[in-house]
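Colleague: Pasting a structure below so you can have a look.
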Protein chains: 2
Amino acid sequence: MKGIVITVGNEILCGDIINKDLAIIASITKEYGIDIQKEITVKDDIDEIKNALKEAILYDIVFVSGGLGPTQDDVTREAVSSFLGKDLLFKEELLQTVKNKLKDWQIPDNPLHKKYGYIPEGCKPVENPTGLAPGILCKEEGKFILLLPGPPRELEPTLQNGLSLIGLQKISRGIVKIYRTFGTREVDLQKIVEEIEHSHNIEVGYYPSIYGVKLKIRYPDNEIKEKIEPLILQKIGPDLYSLNNEELPAVLGRILKSKNLTISVAESCTGGLVGDLITSVSGSSAYFMGGIIAYSNEVKVRLLDCNREDLEKFGAVSSEIAIQMAEGVRKNIKTDIGISTTGIAGPTGGTPQKPVGLVYMGYSDGKRQKVIKKIFKGKREEIKKQAALWVIDLARRMLT
Amino acid sequence: MKGIVITVGNEILCGDIINKDLAIIASITKEYGIDIQKEITVKDDIDEIKNALKEAILYDIVFVSGGLGPTQDDVTREAVSSFLGKDLLFKEELLQTVKNKLKDWQIPDNPLHKKYGYIPEGCKPVENPTGLAPGILCKEEGKFILLLPGPPRELEPTLQNGLSLIGLQKISRGIVKIYRTFGTREVDLQKIVEEIEHSHNIEVGYYPSIYGVKLKIRYPDNEIKEKIEPLILQKIGPDLYSLNNEELPAVLGRILKSKNLTISVAESCTGGLVGDLITSVSGSSAYFMGGIIAYSNEVKVRLLDCNREDLEKFGAVSSEIAIQMAEGVRKNIKTDIGISTTGIAGPTGGTPQKPVGLVYMGYSDGKRQKVIKKIFKGKREEIKKQAALWVIDLARRMLT
């Protein structure tokens with residue numbers, strides 16, 4: 001089934017908002033066998049929307065997102081009914097659904113809300129469980145036009161409801177697995193996977209980001225998956241941290257839980273980000289006891305037992321202090337493992353010997369100690385993020 | 001000048017990547033007086049790109065992003081030269097520029113890179129300072145076609161270079177000010193600003209997010225700005241935290257610096273996020289000394305001097321403990337001010353009395369103490385983020 005998306009919104013064309021709707025629509029409809037072949041973004045303008053519809057109606061299904069709000073500049077309903085040559089009818093029961101939501105969600109009513117009660121003749125409303133504006137499904141000479149609210153959190157469930165209303169069902173396109181890796185560059189990963197890819201009927205996608213490279217493989221069937229997956233695991237080695245698209249903090253959490261171990265963090269340059277990432281996992285209180293953000297040297301000495309002479313001799317950004325921080329937090333928070341970061345997040349504060357981006361990451365479990373030294377590139381936030389992820393990955397590697 | 005954007009990329013139409021290029025192109029070109037009126041996303045397919053160009057050439061300027069990479073599926077160069085009816089010529093000097101970059105950036109060379117040396121006859125290369133693929137500028141019957149690399153960090157500087165090459169200059173469209181508010185809903189802000197908006201020739205935009213509502217006002221000239229700005233400040237009151245589009249942590253930092261005060265954080269449910277946000281500001285080490293992430297009650301007692309009996313009596317998620325945490329961290333990190341968070345980030349762990357989203361945020365400066373209680377909605381990450389922003393805003397309010 002061939003699909004097209006029309007996105008409606010001045011705020012998208014003037015650059016105030018990034019269009020996230022296309023990615024959501026494409027990802028979801030793909031599972032139903034719909035191939036989105038084109039997308040058009042137009043202004044909140046009846047003629048522009050109608051022009052786009054003229055082209056779009058050549059496809060089997062048209063998704064129109066945005067312009068269903070209650071204000072005057074929202075004209076998608078009007079444009080579609082004009083395009084179809086149908087009247088825009090007011091339905092009391094549609095407005096009533098909206099009024100019930102207003103009551104439930106304790107939002108004050110407003111005369112503008114009446115607009116939600118209008119629908120082109122012959123079209124069906126589509127329930128929007130997370131917002132006020134209902135979706136609308138129209139059928140025109142065997143083609144479908146599905147109008148969806150613009151905000152992503154409303155669009156997604158309304159789209160699912162619309163696809164059900166059409167009667168579409170998810171199709172099986174083999175087995176999709178998403179592997180997560182950390183530490184291998186995309187190009188090196190490609191080399192590793194290439195041989196396997198060429199000799200088998202599998203589709204491979206690479207998605208690099210600050211979190212490492214995501215490897216998406218579509219196997220035609222389970223037999224081929226069972227044959228190939230072990231080869232991939234073996235070839236990538238310990239850089240592969242998840243077979244099931246888990247985030248790094250979730251993987252570390254799973255390992256800690258299974259070994260019945262606790263962890264704490266000592267953060268200098270990351271300023272709390274390591275703790276934030278570890279606690280992004282629901283249930284992390286089972287293994288994460290807490291941490292000490294030691295931004296000043298004074299706090300490193302008093303609360304992390306760092307040696308004052310070493311701080312002067314080696315500087316706060318050094319492998320010696322990274323280890324002392326990891327060991328200090330482990331002892332003072334009383335956990336099995338302590339991890340630490342100390343570095344220069346920039347953009348100022350660098351020297352030729354210790355440039356911006358230099359970070360030491362430490363690990364201590366009482367028996368073993370380990371430090372990694374890295375010079376990260378990027379803006380302040382990117383350096384902090386990389387340091388936080390690398391130290392979490394360090395703990396993962398030490399425990400597997 | 002009327003503009004249109006063509007985005008090229010299978011990865012965008014299949015939903016793997018969100019199209020950020022349109023927002024970047026629209027924001028930048030707007031300053032040059034270009035109004036982006038439409039956007040079309042097509043697959044990496046010569047015919048599809050040519051079809052889009054046929055429509056796009058009706059506009060004054062066409063921006064094409066993506067499909068300039070070195071692999072076989074990148075066909076934007078081919079499509080544009082075919083559309084223009086021009087040959088694709090190989091230029092040795094173009095390839096040499098790329099080879100110099102490979103050397104500087106220590107990236108291994110590859111036969112595929114040869115593709116970067118091709119350009120349609122009569123078109124000009126546009127320097128891409130952050131990537132390998134040069135942009136390309138073509139002129140066709142008084143219309144411009146500017147080809148840009150897809151990755152946002154390459155697209156932005158290449159676009160700027162392309163606009164210079166065309167000879168366009170930034171135009172003045174009055175004075176734009178971006179005000180930041182926290183705590184007022186969009187609808188209430190609208191009511192406040194509406195009177196002023198109706199009686200003057202100003203353009204107003206509202207951009208709500210988790211960081212509060214951004215208010216963008218375009219004044220026709222400085223005289224009107226000087227007249228109206230004080231009215232707006234007065235009407236919005238203390239919810240307005242920046243006149244210059246500063247982030248909340250930067251504003252708090254500025255206040256602390258100007259008063260020569262230091263701050264520390266005691267974090268339970270936010271897990272380190274408050275510290276992370278405060279240290280997102282370069283130079284924050286001047287006023288941020290550190291903090292204690294007290295995820296377990298044991299850490300709250302030992303490192304924040306929370307009263308064990310109170311913990312049992314009121315629970316960790318209570319106004320009493322929030323205050324004790326703020327006061328404890330202030331004393332133990334030895335800062336002028338301590339702030340704290342304790343709550344239930346969910347999705348599990350809620351009770352009818354203490355539901356998911358309940359957070360207490362505390363402030364202590366030795367003389368004054370304050371607690372805010374909130375029930376935030378959203379996912380775990382959203383609840384953490386709201387709590388962290390609210391406690392930073394609490395400190396800002398207490399100090400202004």
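In the structure tokens, chains take letters A, B, ... by order of appearance, with residues numbered from 1 within each chain and ligands from 1 in the order shown.
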Excluding Gln369 in chain B and any residue of its chain fewer than 4 positions from it, enumerate the residues within 10 Å of it, using only C-alpha atoms, and give them as a PyMOL selection string.

Modeller: chain B and resi 323-324+326-327+337-339+362-365+398

Colleague: Suppose we keep N, CA and C atoms; can you now write the selection as a CSV table (one decimal), in the first residue's frame?

Modeller:
```
chain,number,residue,atom,x,y,z
B,323,ILE,N,13.1,19.8,53.4
B,323,ILE,CA,13.7,20.9,54.1
B,323,ILE,C,15.0,20.4,54.8
B,324,GLN,N,14.9,19.2,55.4
B,324,GLN,CA,16.1,18.7,56.1
B,324,GLN,C,17.2,18.4,55.1
B,326,ALA,N,17.7,20.0,52.2
B,326,ALA,CA,18.3,21.3,51.7
B,326,ALA,C,19.2,21.9,52.7
B,327,GLU,N,18.8,21.8,54.0
B,327,GLU,CA,19.6,22.3,55.1
B,327,GLU,C,20.8,21.5,55.3
B,337,ILE,N,23.5,28.4,50.0
B,337,ILE,CA,22.2,28.0,49.8
B,337,ILE,C,22.2,26.5,49.5
B,338,GLY,N,21.2,25.8,49.9
B,338,GLY,CA,21.0,24.4,49.6
B,338,GLY,C,19.6,24.2,49.0
B,339,ILE,N,19.5,23.4,48.0
B,339,ILE,CA,18.2,23.1,47.4
B,339,ILE,C,18.0,21.5,47.3
B,362,GLY,N,12.8,21.6,48.1
B,362,GLY,CA,13.2,22.5,49.2
B,362,GLY,C,14.3,23.5,49.0
B,363,TYR,N,14.2,24.5,49.8
B,363,TYR,CA,15.2,25.6,49.7
B,363,TYR,C,15.6,26.0,51.1
B,364,SER,N,16.9,26.2,51.3
B,364,SER,CA,17.3,26.7,52.6
B,364,SER,C,18.5,27.6,52.4
B,365,ASP,N,18.5,28.8,53.0
B,365,ASP,CA,19.7,29.6,53.0
B,365,ASP,C,20.2,30.0,54.4
B,398,MET,N,13.6,32.9,45.2
B,398,MET,CA,13.9,33.3,46.5
B,398,MET,C,15.1,34.3,46.5
```

Colleague: Set the distance at 12 Å and use only C-alpha atoms: which residues neighbour range 178-195 of chain B once local chain neighbours fewer than 2 positions away are removed? I'd like the list as number ranges by chain.

Modeller: A: 107-108, 110; B: 175-176, 197-219, 228-229, 231-248, 250-251, 374, 386, 389-394, 396-397

Colleague: Taking only C-alpha atoms into account, which residues of chain A are within 7 Å of chain B, as a VMD selection string?

Modeller: chain A and resid 12 to 20 22 to 24 26 to 27 36 to 43 270 to 273 275 to 276 279 to 280 282 285 288 to 296 299 333 346 to 347 381

Colleague: May I have the selected residues written with C-alpha atoms, as a PDB file, in the first residue's frame?

Modeller:
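Output (again-v5.pdb):
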```
ATOM      1  CA  ILE A  12       6.954  24.138  10.848  1.00  0.00           C
ATOM      2  CA  LEU A  13       7.632  26.102   7.649  1.00  0.00           C
ATOM      3  CA  CYS A  14       8.938  29.113   9.556  1.00  0.00           C
ATOM      4  CA  GLY A  15      11.360  26.896  11.467  1.00  0.00           C
ATOM      5  CA  ASP A  16       9.919  27.306  14.945  1.00  0.00           C
ATOM      6  CA  ILE A  17       9.087  23.615  15.308  1.00  0.00           C
ATOM      7  CA  ILE A  18      10.757  20.449  14.052  1.00  0.00           C
ATOM      8  CA  ASN A  19       8.372  18.108  12.239  1.00  0.00           C
ATOM      9  CA  LYS A  20       8.361  14.900  14.260  1.00  0.00           C
ATOM     10  CA  LEU A  22       6.483  12.163   9.626  1.00  0.00           C
ATOM     11  CA  ALA A  23       8.879   9.862  11.508  1.00  0.00           C
ATOM     12  CA  ILE A  24       6.068   8.686  13.793  1.00  0.00           C
ATOM     13  CA  ALA A  26       6.249   6.287   8.818  1.00  0.00           C
ATOM     14  CA  SER A  27       7.454   4.035  11.662  1.00  0.00           C
ATOM     15  CA  ILE A  36       5.354   6.251   2.806  1.00  0.00           C
ATOM     16  CA  GLN A  37       6.715   7.465  -0.523  1.00  0.00           C
ATOM     17  CA  LYS A  38       6.537  11.218  -0.155  1.00  0.00           C
ATOM     18  CA  GLU A  39       5.835  13.985   2.304  1.00  0.00           C
ATOM     19  CA  ILE A  40       4.636  17.527   1.710  1.00  0.00           C
ATOM     20  CA  THR A  41       4.601  20.325   4.273  1.00  0.00           C
ATOM     21  CA  VAL A  42       2.253  23.221   3.584  1.00  0.00           C
ATOM     22  CA  LYS A  43       1.095  26.347   5.384  1.00  0.00           C
ATOM     23  CA  THR A 270      29.576  15.520  34.667  1.00  0.00           C
ATOM     24  CA  GLY A 271      27.931  17.443  37.511  1.00  0.00           C
ATOM     25  CA  GLY A 272      25.241  14.833  38.274  1.00  0.00           C
ATOM     26  CA  LEU A 273      24.586  13.480  34.788  1.00  0.00           C
ATOM     27  CA  GLY A 275      23.420   9.723  38.458  1.00  0.00           C
ATOM     28  CA  ASP A 276      20.670  11.149  36.260  1.00  0.00           C
ATOM     29  CA  THR A 279      18.243   6.758  37.669  1.00  0.00           C
ATOM     30  CA  SER A 280      16.519   7.042  34.288  1.00  0.00           C
ATOM     31  CA  SER A 282      12.694   2.534  36.805  1.00  0.00           C
ATOM     32  CA  SER A 285      16.839   2.334  43.686  1.00  0.00           C
ATOM     33  CA  PHE A 288      21.881   2.793  43.066  1.00  0.00           C
ATOM     34  CA  MET A 289      22.357   4.215  46.559  1.00  0.00           C
ATOM     35  CA  GLY A 290      23.429   7.715  45.597  1.00  0.00           C
ATOM     36  CA  GLY A 291      26.482   9.795  44.901  1.00  0.00           C
ATOM     37  CA  ILE A 292      28.562  12.840  45.566  1.00  0.00           C
ATOM     38  CA  ILE A 293      28.818  15.675  43.089  1.00  0.00           C
ATOM     39  CA  ALA A 294      32.260  17.047  43.891  1.00  0.00           C
ATOM     40  CA  TYR A 295      32.560  20.129  41.750  1.00  0.00           C
ATOM     41  CA  SER A 296      34.988  21.899  44.069  1.00  0.00           C
ATOM     42  CA  VAL A 299      34.299  18.638  48.402  1.00  0.00           C
ATOM     43  CA  ILE A 333      28.136   5.832  50.305  1.00  0.00           C
ATOM     44  CA  GLY A 346      34.876  23.527  28.518  1.00  0.00           C
ATOM     45  CA  PRO A 347      34.526  25.677  26.575  1.00  0.00           C
ATOM     46  CA  GLU A 381      26.941  19.205  26.931  1.00  0.00           C
TER      47      GLU A 381
END
```

Colleague: Find the residues around Tyr116 in chain A up to 7 Å (only C-alpha atoms counted), leave out those fewer than 2 positions away in its own chain, and share them as a list in words.

Modeller: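 Listed by chain and then number, they are Pro70, Leu95, His113, Lys114, Tyr118 and Ala133 of chain A.
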
Colleague: DSSP on the backbone: which residues in range 171-220 of chain A end up as helix (DSSP H, G or I)? Give the answer as a PyMOL selection string.

Modeller: chain A and resi 186-199

Colleague: Just asking: which residues within range 139-347 of chain A are strand (DSSP E or B) according to DSSP, as an MDAnalysis selection string?

Modeller: chainID A and resid 139:140 143:148 175:181 203:209 212:219 240:242 263:267 288:294 337:343

Colleague: Have a look at CA of Gly3 in chain B and CA of Val62 in chain A and let me know their distance in Å, one decimal.

Modeller: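 Straight-line distance from CA of Gly3 in chain B to CA of Val62 in chain A works out to 24.8 Å.
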
Colleague: Grab the CA of Leu94 in chain B to CA of Arg153 in chain B distance for me, in Å with one decimal place.

Modeller: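 So the two atoms, CA of Leu94 in chain B and CA of Arg153 in chain B, lie 20.6 Å apart.
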
Colleague: Which of these, B:Lys99, B:Asn51, B:Phe376, B:Pro120, has the shortest distance to Gly85 in chain B once you count only C-alpha atoms?

Modeller: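 Under the stated criterion, the closest residue is B:Pro120.
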
Colleague: Mind checking which residues fall within 9 Å of Gly69 in chain A, counting only C-alpha atoms, ignoring those fewer than 5 positions away in the same chain, and posting them as a PyMOL selection string?

Modeller: chain A and resi 74-76+113+115-116+132-133+149-150

Colleague: Leu137 in chain B: which residues within 9 Å, counting only C-alpha atoms, same-chain residues fewer than 4 positions away excluded, as a ChimeraX atom specification?

Modeller: /B:123-126,144-148,162,165-166

Colleague: When distances are computed from only C-alpha atoms, which of A:Leu311, A:Val371, A:Val80, A:Leu399 shows the smallest separation from Ser258 in chain A?

Modeller: A:Leu399

Colleague: Report the distance between CA of Asp44 in chain B and CA of Ala79 in chain B in Å, rounded to one decimal place.

Modeller: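 About the pair CA of Asp44 in chain B and CA of Ala79 in chain B: they are 9.5 Å apart.
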
Colleague: Can you tell me which residues surround Asp221 in chain B at a distance of at most 7 Å, considering only C-alpha atoms, apart from same-chain residues fewer than 3 positions away, and format the answer as a VMD selection string?

Modeller: chain B and resid 174 to 175 224 to 225
